[in-house]
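See below for coords-v2.pdb, which holds PDB, C-alpha atoms and all ligand atoms.
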ATOM      1  CA  MET T   4      18.372  12.153  -6.152  1.00  0.00           C
ATOM      2  CA  ALA T   5      18.325   8.398  -6.043  1.00  0.00           C
ATOM      3  CA  ILE T   6      18.164   6.256  -9.152  1.00  0.00           C
ATOM      4  CA  ILE T   7      15.726   3.375  -8.616  1.00  0.00           C
ATOM      5  CA  ALA T   8      15.688   0.639 -11.254  1.00  0.00           C
ATOM      6  CA  SER T   9      13.543  -2.451 -11.635  1.00  0.00           C
ATOM      7  CA  ASN T  10      14.816  -5.446 -13.571  1.00  0.00           C
ATOM      8  CA  PHE T  11      11.822  -7.622 -14.467  1.00  0.00           C
ATOM      9  CA  LYS T  12      14.083 -10.468 -15.668  1.00  0.00           C
ATOM     10  CA  THR T  13      11.682 -13.151 -17.056  1.00  0.00           C
ATOM     11  CA  ASN T  14       8.572 -11.885 -15.280  1.00  0.00           C
ATOM     12  CA  HIS T  15       5.358 -10.094 -16.216  1.00  0.00           C
ATOM     13  CA  THR T  16       3.316 -10.178 -19.426  1.00  0.00           C
ATOM     14  CA  ARG T  17       2.528  -7.348 -21.835  1.00  0.00           C
ATOM     15  CA  LYS T  18      -0.715  -6.782 -19.944  1.00  0.00           C
ATOM     16  CA  THR T  19       0.762  -6.681 -16.446  1.00  0.00           C
ATOM     17  CA  THR T  20       3.759  -4.643 -17.615  1.00  0.00           C
ATOM     18  CA  LYS T  21       1.411  -2.026 -19.027  1.00  0.00           C
ATOM     19  CA  GLU T  22      -0.531  -1.859 -15.748  1.00  0.00           C
ATOM     20  CA  PHE T  23       2.712  -1.638 -13.785  1.00  0.00           C
ATOM     21  CA  VAL T  24       4.175   1.167 -15.908  1.00  0.00           C
ATOM     22  CA  CYS T  25       0.877   3.122 -15.895  1.00  0.00           C
ATOM     23  CA  ASN T  26       0.542   2.895 -12.121  1.00  0.00           C
ATOM     24  CA  VAL T  27       4.162   3.826 -11.403  1.00  0.00           C
ATOM     25  CA  ASN T  28       3.802   6.711 -13.849  1.00  0.00           C
ATOM     26  CA  GLU T  29       0.636   7.959 -12.095  1.00  0.00           C
ATOM     27  CA  TYR T  30       2.390   7.739  -8.742  1.00  0.00           C
ATOM     28  CA  LEU T  31       5.402   9.728  -9.975  1.00  0.00           C
ATOM     29  CA  LYS T  32       3.177  12.347 -11.570  1.00  0.00           C
ATOM     30  CA  ASN T  33       0.862  12.804  -8.601  1.00  0.00           C
ATOM     31  CA  ASN T  34       3.586  12.916  -5.966  1.00  0.00           C
ATOM     32  CA  GLU T  35       6.160  15.060  -7.735  1.00  0.00           C
ATOM     33  CA  ILE T  36       8.889  12.512  -7.147  1.00  0.00           C
ATOM     34  CA  LEU T  37      12.222  13.635  -8.543  1.00  0.00           C
ATOM     35  CA  SER T  38      14.074  10.306  -8.383  1.00  0.00           C
ATOM     36  CA  GLU T  39      15.033   8.760 -11.695  1.00  0.00           C
ATOM     37  CA  VAL T  40      13.080   5.539 -12.113  1.00  0.00           C
ATOM     38  CA  ILE T  41      14.080   2.976 -14.732  1.00  0.00           C
ATOM     39  CA  VAL T  42      12.058  -0.134 -15.587  1.00  0.00           C
ATOM     40  CA  PHE T  43      13.498  -2.983 -17.641  1.00  0.00           C
ATOM     41  CA  PRO T  44      10.593  -5.156 -18.850  1.00  0.00           C
ATOM     42  CA  THR T  45      11.007  -8.294 -20.975  1.00  0.00           C
ATOM     43  CA  SER T  46      11.604  -7.491 -24.635  1.00  0.00           C
ATOM     44  CA  THR T  47       8.140  -8.862 -25.521  1.00  0.00           C
ATOM     45  CA  SER T  48       6.594  -6.215 -23.248  1.00  0.00           C
ATOM     46  CA  LEU T  49       8.405  -3.169 -24.654  1.00  0.00           C
ATOM     47  CA  ASP T  50       5.970  -0.613 -25.980  1.00  0.00           C
ATOM     48  CA  ASN T  51       5.462   3.100 -26.597  1.00  0.00           C
ATOM     49  CA  PHE T  52       4.580   4.021 -23.031  1.00  0.00           C
ATOM     50  CA  ASP T  53       3.555   7.593 -22.367  1.00  0.00           C
ATOM     51  CA  THR T  54       5.520   8.451 -19.229  1.00  0.00           C
ATOM     52  CA  VAL T  55       6.754  11.401 -17.205  1.00  0.00           C
ATOM     53  CA  SER T  56      10.333  12.383 -18.000  1.00  0.00           C
ATOM     54  CA  ASN T  57      11.825  10.688 -14.910  1.00  0.00           C
ATOM     55  CA  LEU T  58      10.301   7.284 -15.724  1.00  0.00           C
ATOM     56  CA  ILE T  59      12.497   5.583 -18.279  1.00  0.00           C
ATOM     57  CA  ILE T  60      11.868   2.264 -19.992  1.00  0.00           C
ATOM     58  CA  GLY T  61      14.949   0.258 -20.933  1.00  0.00           C
ATOM     59  CA  THR T  62      15.727  -3.086 -22.464  1.00  0.00           C
ATOM     60  CA  GLN T  63      17.296  -5.914 -20.446  1.00  0.00           C
ATOM     61  CA  ASN T  64      19.342  -6.946 -23.447  1.00  0.00           C
ATOM     62  CA  ALA T  65      19.805  -6.537 -27.183  1.00  0.00           C
ATOM     63  CA  TYR T  66      22.332  -7.697 -29.741  1.00  0.00           C
ATOM     64  CA  ALA T  67      25.024  -5.329 -30.993  1.00  0.00           C
ATOM     65  CA  VAL T  68      23.345  -4.895 -34.356  1.00  0.00           C
ATOM     66  CA  HIS T  69      20.696  -2.803 -36.121  1.00  0.00           C
ATOM     67  CA  LYS T  70      19.059  -5.828 -37.753  1.00  0.00           C
ATOM     68  CA  GLY T  71      20.139  -9.098 -39.305  1.00  0.00           C
ATOM     69  CA  SER T  72      20.220 -12.873 -38.834  1.00  0.00           C
ATOM     70  CA  TYR T  73      20.667 -13.454 -35.102  1.00  0.00           C
ATOM     71  CA  THR T  74      17.925 -15.880 -34.166  1.00  0.00           C
ATOM     72  CA  GLY T  75      16.257 -15.056 -30.884  1.00  0.00           C
ATOM     73  CA  GLU T  76      17.894 -11.649 -30.516  1.00  0.00           C
ATOM     74  CA  ILE T  77      16.609  -8.110 -31.038  1.00  0.00           C
ATOM     75  CA  GLY T  78      18.539  -5.128 -32.416  1.00  0.00           C
ATOM     76  CA  THR T  79      18.076  -1.403 -32.651  1.00  0.00           C
ATOM     77  CA  GLU T  80      15.472  -1.695 -35.411  1.00  0.00           C
ATOM     78  CA  GLN T  81      13.169  -3.289 -32.835  1.00  0.00           C
ATOM     79  CA  LEU T  82      14.217  -0.898 -30.034  1.00  0.00           C
ATOM     80  CA  ASP T  83      13.712   2.175 -32.230  1.00  0.00           C
ATOM     81  CA  GLU T  84      10.071   1.184 -32.757  1.00  0.00           C
ATOM     82  CA  PHE T  85       9.525   1.959 -29.077  1.00  0.00           C
ATOM     83  CA  SER T  86      12.088   4.785 -28.774  1.00  0.00           C
ATOM     84  CA  ILE T  87      14.123   2.700 -26.300  1.00  0.00           C
ATOM     85  CA  LYS T  88      17.440   4.405 -25.574  1.00  0.00           C
ATOM     86  CA  THR T  89      18.422   2.649 -22.332  1.00  0.00           C
ATOM     87  CA  ILE T  90      20.015  -0.789 -21.975  1.00  0.00           C
ATOM     88  CA  LEU T  91      21.223  -3.071 -19.192  1.00  0.00           C
ATOM     89  CA  ILE T  92      24.599  -4.616 -20.014  1.00  0.00           C
ATOM     90  CA  GLY T  93      26.782  -7.120 -18.151  1.00  0.00           C
ATOM     91  CA  HIS T  94      24.169  -8.516 -15.778  1.00  0.00           C
ATOM     92  CA  SER T  95      25.556 -11.562 -13.967  1.00  0.00           C
ATOM     93  CA  GLU T  96      22.719 -13.749 -15.238  1.00  0.00           C
ATOM     94  CA  ARG T  97      23.821 -12.996 -18.788  1.00  0.00           C
ATOM     95  CA  ARG T  98      27.468 -13.498 -17.912  1.00  0.00           C
ATOM     96  CA  HIS T  99      27.063 -16.716 -15.908  1.00  0.00           C
ATOM     97  CA  ILE T 100      23.878 -18.374 -17.179  1.00  0.00           C
ATOM     98  CA  LEU T 101      23.877 -17.218 -20.808  1.00  0.00           C
ATOM     99  CA  GLY T 102      27.673 -17.340 -21.053  1.00  0.00           C
ATOM    100  CA  GLU T 103      28.431 -13.806 -22.262  1.00  0.00           C
ATOM    101  CA  THR T 104      32.178 -13.243 -22.146  1.00  0.00           C
ATOM    102  CA  GLN T 105      33.821  -9.949 -21.159  1.00  0.00           C
ATOM    103  CA  GLU T 106      34.758  -9.505 -24.815  1.00  0.00           C
ATOM    104  CA  GLU T 107      31.131  -9.849 -25.920  1.00  0.00           C
ATOM    105  CA  VAL T 108      29.930  -7.590 -23.112  1.00  0.00           C
ATOM    106  CA  ALA T 109      32.477  -4.927 -24.102  1.00  0.00           C
ATOM    107  CA  GLN T 110      31.511  -5.203 -27.778  1.00  0.00           C
ATOM    108  CA  LYS T 111      27.867  -4.688 -26.853  1.00  0.00           C
ATOM    109  CA  PHE T 112      28.815  -1.769 -24.600  1.00  0.00           C
ATOM    110  CA  ASN T 113      30.751  -0.057 -27.370  1.00  0.00           C
ATOM    111  CA  PHE T 114      27.987  -0.547 -29.924  1.00  0.00           C
ATOM    112  CA  TYR T 115      25.343   1.015 -27.667  1.00  0.00           C
ATOM    113  CA  LYS T 116      27.725   3.713 -26.469  1.00  0.00           C
ATOM    114  CA  GLN T 117      28.274   4.857 -30.045  1.00  0.00           C
ATOM    115  CA  LEU T 118      24.515   5.218 -30.378  1.00  0.00           C
ATOM    116  CA  GLY T 119      24.345   7.320 -27.209  1.00  0.00           C
ATOM    117  CA  TYR T 120      22.275   4.889 -25.145  1.00  0.00           C
ATOM    118  CA  LYS T 121      22.043   5.270 -21.402  1.00  0.00           C
ATOM    119  CA  ILE T 122      23.883   2.149 -20.227  1.00  0.00           C
ATOM    120  CA  VAL T 123      23.348   0.544 -16.836  1.00  0.00           C
ATOM    121  CA  TYR T 124      26.484  -1.573 -16.577  1.00  0.00           C
ATOM    122  CA  CYS T 125      26.611  -4.389 -14.016  1.00  0.00           C
ATOM    123  CA  ILE T 126      29.610  -5.784 -12.188  1.00  0.00           C
ATOM    124  CA  GLY T 127      29.865  -8.175  -9.269  1.00  0.00           C
ATOM    125  CA  GLU T 128      31.650 -11.209  -7.889  1.00  0.00           C
ATOM    126  CA  PRO T 129      30.497 -14.777  -7.206  1.00  0.00           C
ATOM    127  CA  LEU T 130      30.678 -16.221  -3.675  1.00  0.00           C
ATOM    128  CA  GLU T 131      33.925 -18.130  -4.204  1.00  0.00           C
ATOM    129  CA  VAL T 132      35.666 -14.875  -5.132  1.00  0.00           C
ATOM    130  CA  LYS T 133      34.185 -12.978  -2.183  1.00  0.00           C
ATOM    131  CA  LYS T 134      35.591 -15.678   0.101  1.00  0.00           C
ATOM    132  CA  GLU T 135      39.083 -14.864  -1.196  1.00  0.00           C
ATOM    133  CA  GLY T 136      38.881 -11.404   0.400  1.00  0.00           C
ATOM    134  CA  LEU T 137      38.467  -7.773  -0.603  1.00  0.00           C
ATOM    135  CA  GLN T 138      41.614  -7.464  -2.700  1.00  0.00           C
ATOM    136  CA  ASN T 139      40.750 -10.445  -4.915  1.00  0.00           C
ATOM    137  CA  THR T 140      37.152  -9.313  -5.128  1.00  0.00           C
ATOM    138  CA  LEU T 141      38.236  -5.899  -6.392  1.00  0.00           C
ATOM    139  CA  GLU T 142      40.613  -7.463  -8.891  1.00  0.00           C
ATOM    140  CA  TYR T 143      37.764  -9.642 -10.183  1.00  0.00           C
ATOM    141  CA  ILE T 144      35.510  -6.596 -10.478  1.00  0.00           C
ATOM    142  CA  TYR T 145      38.173  -4.545 -12.288  1.00  0.00           C
ATOM    143  CA  GLU T 146      38.443  -7.329 -14.898  1.00  0.00           C
ATOM    144  CA  GLN T 147      34.798  -6.592 -15.682  1.00  0.00           C
ATOM    145  CA  PHE T 148      35.835  -3.110 -16.803  1.00  0.00           C
ATOM    146  CA  VAL T 149      38.185  -4.399 -19.517  1.00  0.00           C
ATOM    147  CA  GLY T 150      37.107  -2.863 -22.831  1.00  0.00           C
ATOM    148  CA  ILE T 151      34.612  -0.542 -21.116  1.00  0.00           C
ATOM    149  CA  ASP T 152      34.869   3.258 -21.440  1.00  0.00           C
ATOM    150  CA  THR T 153      34.273   4.272 -17.837  1.00  0.00           C
ATOM    151  CA  ASN T 154      34.256   7.941 -18.835  1.00  0.00           C
ATOM    152  CA  TYR T 155      31.195   7.462 -21.041  1.00  0.00           C
ATOM    153  CA  GLU T 156      28.830  10.294 -20.189  1.00  0.00           C
ATOM    154  CA  ASN T 157      25.662   8.184 -20.214  1.00  0.00           C
ATOM    155  CA  LEU T 158      26.987   5.457 -17.934  1.00  0.00           C
ATOM    156  CA  ILE T 159      25.407   4.227 -14.692  1.00  0.00           C
ATOM    157  CA  LEU T 160      27.150   1.407 -12.815  1.00  0.00           C
ATOM    158  CA  ALA T 161      25.433  -1.264 -10.739  1.00  0.00           C
ATOM    159  CA  TYR T 162      27.365  -3.345  -8.215  1.00  0.00           C
ATOM    160  CA  GLU T 163      25.500  -6.620  -7.841  1.00  0.00           C
ATOM    161  CA  PRO T 164      27.308  -9.327  -5.869  1.00  0.00           C
ATOM    162  CA  VAL T 165      26.207 -12.598  -7.479  1.00  0.00           C
ATOM    163  CA  TRP T 166      25.734 -14.306  -4.093  1.00  0.00           C
ATOM    164  CA  ALA T 167      23.203 -11.653  -3.067  1.00  0.00           C
ATOM    165  CA  ILE T 168      21.029 -11.846  -6.191  1.00  0.00           C
ATOM    166  CA  GLY T 169      17.677 -13.535  -5.653  1.00  0.00           C
ATOM    167  CA  THR T 170      18.964 -15.244  -2.523  1.00  0.00           C
ATOM    168  CA  GLY T 171      17.445 -13.034   0.168  1.00  0.00           C
ATOM    169  CA  VAL T 172      21.006 -12.464   1.428  1.00  0.00           C
ATOM    170  CA  THR T 173      21.756  -8.753   1.175  1.00  0.00           C
ATOM    171  CA  ALA T 174      25.371  -7.636   1.342  1.00  0.00           C
ATOM    172  CA  THR T 175      26.227  -6.048   4.687  1.00  0.00           C
ATOM    173  CA  ASN T 176      26.637  -2.281   4.819  1.00  0.00           C
ATOM    174  CA  GLU T 177      30.352  -2.885   5.299  1.00  0.00           C
ATOM    175  CA  ASP T 178      30.535  -5.045   2.136  1.00  0.00           C
ATOM    176  CA  ILE T 179      28.699  -2.401   0.144  1.00  0.00           C
ATOM    177  CA  ILE T 180      30.767   0.494   1.515  1.00  0.00           C
ATOM    178  CA  ASN T 181      34.075  -1.291   0.851  1.00  0.00           C
ATOM    179  CA  ILE T 182      33.284  -2.072  -2.761  1.00  0.00           C
ATOM    180  CA  HIS T 183      31.494   1.188  -3.559  1.00  0.00           C
ATOM    181  CA  ASN T 184      34.272   3.328  -2.080  1.00  0.00           C
ATOM    182  CA  ALA T 185      36.905   1.455  -4.065  1.00  0.00           C
ATOM    183  CA  ILE T 186      34.992   1.684  -7.351  1.00  0.00           C
ATOM    184  CA  LYS T 187      34.158   5.371  -6.827  1.00  0.00           C
ATOM    185  CA  GLU T 188      37.816   6.164  -6.248  1.00  0.00           C
ATOM    186  CA  LYS T 189      38.516   4.975  -9.776  1.00  0.00           C
ATOM    187  CA  ILE T 190      35.302   5.797 -11.587  1.00  0.00           C
ATOM    188  CA  SER T 191      33.227   8.872 -10.995  1.00  0.00           C
ATOM    189  CA  LYS T 192      29.828   7.643 -12.182  1.00  0.00           C
ATOM    190  CA  PRO T 193      26.500   6.987 -10.453  1.00  0.00           C
ATOM    191  CA  LEU T 194      26.807   3.608  -8.710  1.00  0.00           C
ATOM    192  CA  LEU T 195      23.745   1.546  -7.783  1.00  0.00           C
ATOM    193  CA  TYR T 196      23.663  -1.441  -5.449  1.00  0.00           C
ATOM    194  CA  GLY T 197      21.692  -4.563  -6.371  1.00  0.00           C
ATOM    195  CA  GLY T 198      21.114  -7.877  -4.610  1.00  0.00           C
ATOM    196  CA  SER T 199      18.103  -8.661  -2.394  1.00  0.00           C
ATOM    197  CA  VAL T 200      17.133  -5.014  -1.983  1.00  0.00           C
ATOM    198  CA  LYS T 201      13.678  -4.878  -0.348  1.00  0.00           C
ATOM    199  CA  VAL T 202      11.069  -2.339   0.751  1.00  0.00           C
ATOM    200  CA  ASN T 203      12.452  -2.372   4.281  1.00  0.00           C
ATOM    201  CA  ASN T 204      16.188  -2.101   3.536  1.00  0.00           C
ATOM    202  CA  VAL T 205      16.266   0.143   0.464  1.00  0.00           C
ATOM    203  CA  ARG T 206      16.393   3.401   2.420  1.00  0.00           C
ATOM    204  CA  GLU T 207      19.298   2.320   4.592  1.00  0.00           C
ATOM    205  CA  ILE T 208      21.264   1.006   1.603  1.00  0.00           C
ATOM    206  CA  CYS T 209      20.635   4.063  -0.556  1.00  0.00           C
ATOM    207  CA  SER T 210      21.675   6.339   2.323  1.00  0.00           C
ATOM    208  CA  LEU T 211      25.175   4.838   2.460  1.00  0.00           C
ATOM    209  CA  ASP T 212      28.037   6.954   1.135  1.00  0.00           C
ATOM    210  CA  ASN T 213      28.741   6.336  -2.537  1.00  0.00           C
ATOM    211  CA  VAL T 214      25.463   4.495  -3.112  1.00  0.00           C
ATOM    212  CA  ASP T 215      23.431   6.426  -5.680  1.00  0.00           C
ATOM    213  CA  GLY T 216      20.430   4.134  -5.884  1.00  0.00           C
ATOM    214  CA  ALA T 217      19.352   0.530  -6.325  1.00  0.00           C
ATOM    215  CA  LEU T 218      18.812  -2.033  -9.076  1.00  0.00           C
ATOM    216  CA  ILE T 219      16.113  -4.367  -7.862  1.00  0.00           C
ATOM    217  CA  GLY T 220      14.781  -7.707  -9.062  1.00  0.00           C
ATOM    218  CA  THR T 221      12.373  -9.749  -6.934  1.00  0.00           C
ATOM    219  CA  ALA T 222      11.085  -7.006  -4.616  1.00  0.00           C
ATOM    220  CA  SER T 223      10.334  -4.708  -7.540  1.00  0.00           C
ATOM    221  CA  TRP T 224       8.022  -7.042  -9.433  1.00  0.00           C
ATOM    222  CA  ASN T 225       5.073  -6.242  -7.196  1.00  0.00           C
ATOM    223  CA  GLN T 226       3.946  -2.744  -8.173  1.00  0.00           C
ATOM    224  CA  GLU T 227       2.772  -1.764  -4.666  1.00  0.00           C
ATOM    225  CA  ASP T 228       6.176  -2.761  -3.286  1.00  0.00           C
ATOM    226  CA  PHE T 229       8.015  -0.957  -6.064  1.00  0.00           C
ATOM    227  CA  ILE T 230       6.041   2.211  -5.358  1.00  0.00           C
ATOM    228  CA  LYS T 231       6.870   1.841  -1.644  1.00  0.00           C
ATOM    229  CA  ILE T 232      10.538   1.503  -2.592  1.00  0.00           C
ATOM    230  CA  ILE T 233      10.348   4.755  -4.577  1.00  0.00           C
ATOM    231  CA  GLU T 234       8.479   6.406  -1.690  1.00  0.00           C
ATOM    232  CA  ASN T 235      11.080   5.248   0.840  1.00  0.00           C
ATOM    233  CA  THR T 236      13.929   6.802  -1.141  1.00  0.00           C
ATOM    234  CA  LYS T 237      12.270   9.915  -2.580  1.00  0.00           C
ATOM    235  CA  ASP T 238      14.287  12.396  -0.516  1.00  0.00           C
ATOM    236  CA  ILE T 239      17.687  10.702  -0.691  1.00  0.00           C
TER
HETATM  237  P1  LIG T 301      17.155  -9.462  -6.602  1.00  0.00           P
HETATM  238  O1  LIG T 301      16.645  -8.105  -6.182  1.00  0.00           O
HETATM  239  O2  LIG T 301      16.040 -10.441  -6.885  1.00  0.00           O
HETATM  240  O3  LIG T 301      18.182 -10.004  -5.674  1.00  0.00           O
HETATM  241  O4  LIG T 301      17.871  -9.259  -8.028  1.00  0.00           O
HETATM  242  C1  LIG T 301      18.833  -8.289  -8.163  1.00  0.00           C
HETATM  243  C2  LIG T 301      19.160  -8.154  -9.602  1.00  0.00           C
HETATM  244  O5  LIG T 301      19.734  -9.044 -10.208  1.00  0.00           O
HETATM  245  C3  LIG T 301      18.750  -6.929 -10.298  1.00  0.00           C
HETATM  246  O6  LIG T 301      19.321  -6.831 -11.562  1.00  0.00           O
END

Whole structure, structure tokens version:
Amino acid sequence: MAIIASNFKTNHTRKTTKEFVCNVNEYLKNNEILSEVIVFPTSTSLDNFDTVSNLIIGTQNAYAVHKGSYTGEIGTEQLDEFSIKTILIGHSERRHILGETQEEVAQKFNFYKQLGYKIVYCIGEPLEVKKEGLQNTLEYIYEQFVGIDTNYENLILAYEPVWAIGTGVTATNEDIINIHNAIKEKISKPLLYGGSVKVNNVREICSLDNVDGALIGTASWNQEDFIKIIENTKDI
């Protein structure tokens, strides 16, 4: 069964998130869809949503702390209020825009691992690295596993090439196959692809060998499109 995840990034309000989650939940319930669906709203839109068991709400980020003095961050005290037990870690926007180092990413990973969270862990190379060829790209990606327990039972990986995120440029099937095969040889965990996945290419991408689902930004923010994406992959 495919794993289909939506990363809201900095989009949607509490009101529209609630509508989105309710409608996706109704769709999953009424159509007996078995795929695992994960939605990562903004932290201001987290809530106690009443959902079917295969619709999971996760947080896009949190600090590696229960509570304390970390202005602008949230910790597990805030996540516990909404029974959130799923977190996205290592997204390229946090690495490259917010400046999270591999050391910080690994520290966060280990903190949430100890608490048993489901972790969707992102890896992926920028364009200048891709241009250096497959070997260098893989070396760059392997550096993003430093300090990460790749045997962690609740781990899902997401390969998201930075040059394909939000650009409309999807990686070619060959790009995806090359990277996914290489990662899967080393790490036997579910591996999602992310980067300009759309309604009309999600089925083809998720049908590739060693692709276990998709992590989607832009195309997932419209609830009708997100439901179509789930529909298009329901039997994969
Ligand atoms: P896009 O689907 O907008 O390219 O974003 C992908 C992504 O970053 C998901 O985490």

Using the chain letters and numbering of this document, enumerate as an NGL selection string the residues selected by the PyMOL selection byres (((not hetatm)) within 6 of (chain T and resi 301)). :T and (10 or 167-169 or 197-200 or 218-222)

Which residues match the PyMOL selection byres (((chain T and resi 33-35) around 12) and not hetatm) in the file above, as a list in words?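 Selected by the PyMOL selection byres (((chain T and resi 33-35) around 12) and not hetatm) here: Asn26, Val27, Asn28, Glu29, Tyr30, Leu31, Lys32, Ile36, Leu37, Ser38, Glu39, Val55, Ser56, Asn57, Leu58, Ile230, Ile233, Glu234, Lys237 and Asp238 of chain T.
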
Would you compute the distance between CA of Lys231 in chain T and CA of Val202 in chain T? Give it in Å to one decimal.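 Distance reported for this atom pair: 6.4 Å.
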
Evaluate the PyMOL selection byres (((chain T and resi 68) around 10) and not hetatm) and record the selected residues as a PDB file with C-alpha atoms, in the frame of the given file, following the chain and residue labels used in the document.
ATOM      1  CA  ALA T  65      19.805  -6.537 -27.183  1.00  0.00           C
ATOM      2  CA  TYR T  66      22.332  -7.697 -29.741  1.00  0.00           C
ATOM      3  CA  ALA T  67      25.024  -5.329 -30.993  1.00  0.00           C
ATOM      4  CA  HIS T  69      20.696  -2.803 -36.121  1.00  0.00           C
ATOM      5  CA  LYS T  70      19.059  -5.828 -37.753  1.00  0.00           C
ATOM      6  CA  GLY T  71      20.139  -9.098 -39.305  1.00  0.00           C
ATOM      7  CA  SER T  72      20.220 -12.873 -38.834  1.00  0.00           C
ATOM      8  CA  TYR T  73      20.667 -13.454 -35.102  1.00  0.00           C
ATOM      9  CA  GLU T  76      17.894 -11.649 -30.516  1.00  0.00           C
ATOM     10  CA  ILE T  77      16.609  -8.110 -31.038  1.00  0.00           C
ATOM     11  CA  GLY T  78      18.539  -5.128 -32.416  1.00  0.00           C
ATOM     12  CA  THR T  79      18.076  -1.403 -32.651  1.00  0.00           C
ATOM     13  CA  GLU T  80      15.472  -1.695 -35.411  1.00  0.00           C
ATOM     14  CA  LYS T 111      27.867  -4.688 -26.853  1.00  0.00           C
ATOM     15  CA  PHE T 114      27.987  -0.547 -29.924  1.00  0.00           C
ATOM     16  CA  TYR T 115      25.343   1.015 -27.667  1.00  0.00           C
TER      17      TYR T 115
END

In terms of only C-alpha atoms, the residue from T:Leu211, T:Leu160, T:Asn176, T:Tyr143 at minimal distance from Leu130 in chain T is T:Tyr143

Among listed residues T:Val165, T:Thr74, T:Thr20, T:Ala5, nearest Val205 in chain T (using only C-alpha atoms): T:Ala5

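In this structure, CA of Phe229 in chain T sits 24.3 Å away from CA of Asp178 in chain T.
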
The centre and edge lengths of an axis-aligned box containing all atoms of range 76-87 of chain T present in the file, extended by 8 Å on each side, are to be given in Å to one decimal, as AutoDock Vina command-line options.
--center_x 14.0 --center_y -3.4 --center_z -30.9 --size_x 25.0 --size_y 32.4 --size_z 25.1

Using all atoms listed in the file, what residues lie at most 8 Å away from (24.9, -2.2, -15.5) (file coordinates), given as a PDB file with C-alpha atoms, in the coordinates of the input?
ATOM      1  CA  LEU T  91      21.223  -3.071 -19.192  1.00  0.00           C
ATOM      2  CA  ILE T  92      24.599  -4.616 -20.014  1.00  0.00           C
ATOM      3  CA  GLY T  93      26.782  -7.120 -18.151  1.00  0.00           C
ATOM      4  CA  HIS T  94      24.169  -8.516 -15.778  1.00  0.00           C
ATOM      5  CA  ILE T 122      23.883   2.149 -20.227  1.00  0.00           C
ATOM      6  CA  VAL T 123      23.348   0.544 -16.836  1.00  0.00           C
ATOM      7  CA  TYR T 124      26.484  -1.573 -16.577  1.00  0.00           C
ATOM      8  CA  CYS T 125      26.611  -4.389 -14.016  1.00  0.00           C
ATOM      9  CA  ILE T 126      29.610  -5.784 -12.188  1.00  0.00           C
ATOM     10  CA  ILE T 159      25.407   4.227 -14.692  1.00  0.00           C
ATOM     11  CA  LEU T 160      27.150   1.407 -12.815  1.00  0.00           C
ATOM     12  CA  ALA T 161      25.433  -1.264 -10.739  1.00  0.00           C
ATOM     13  CA  TYR T 162      27.365  -3.345  -8.215  1.00  0.00           C
TER      14      TYR T 162
END

Using all atoms listed in the file: which of T:Asn235, T:Thr175, T:Asn184, T:Ser191 has the shortest distance to Asn157 in chain T: T:Ser191
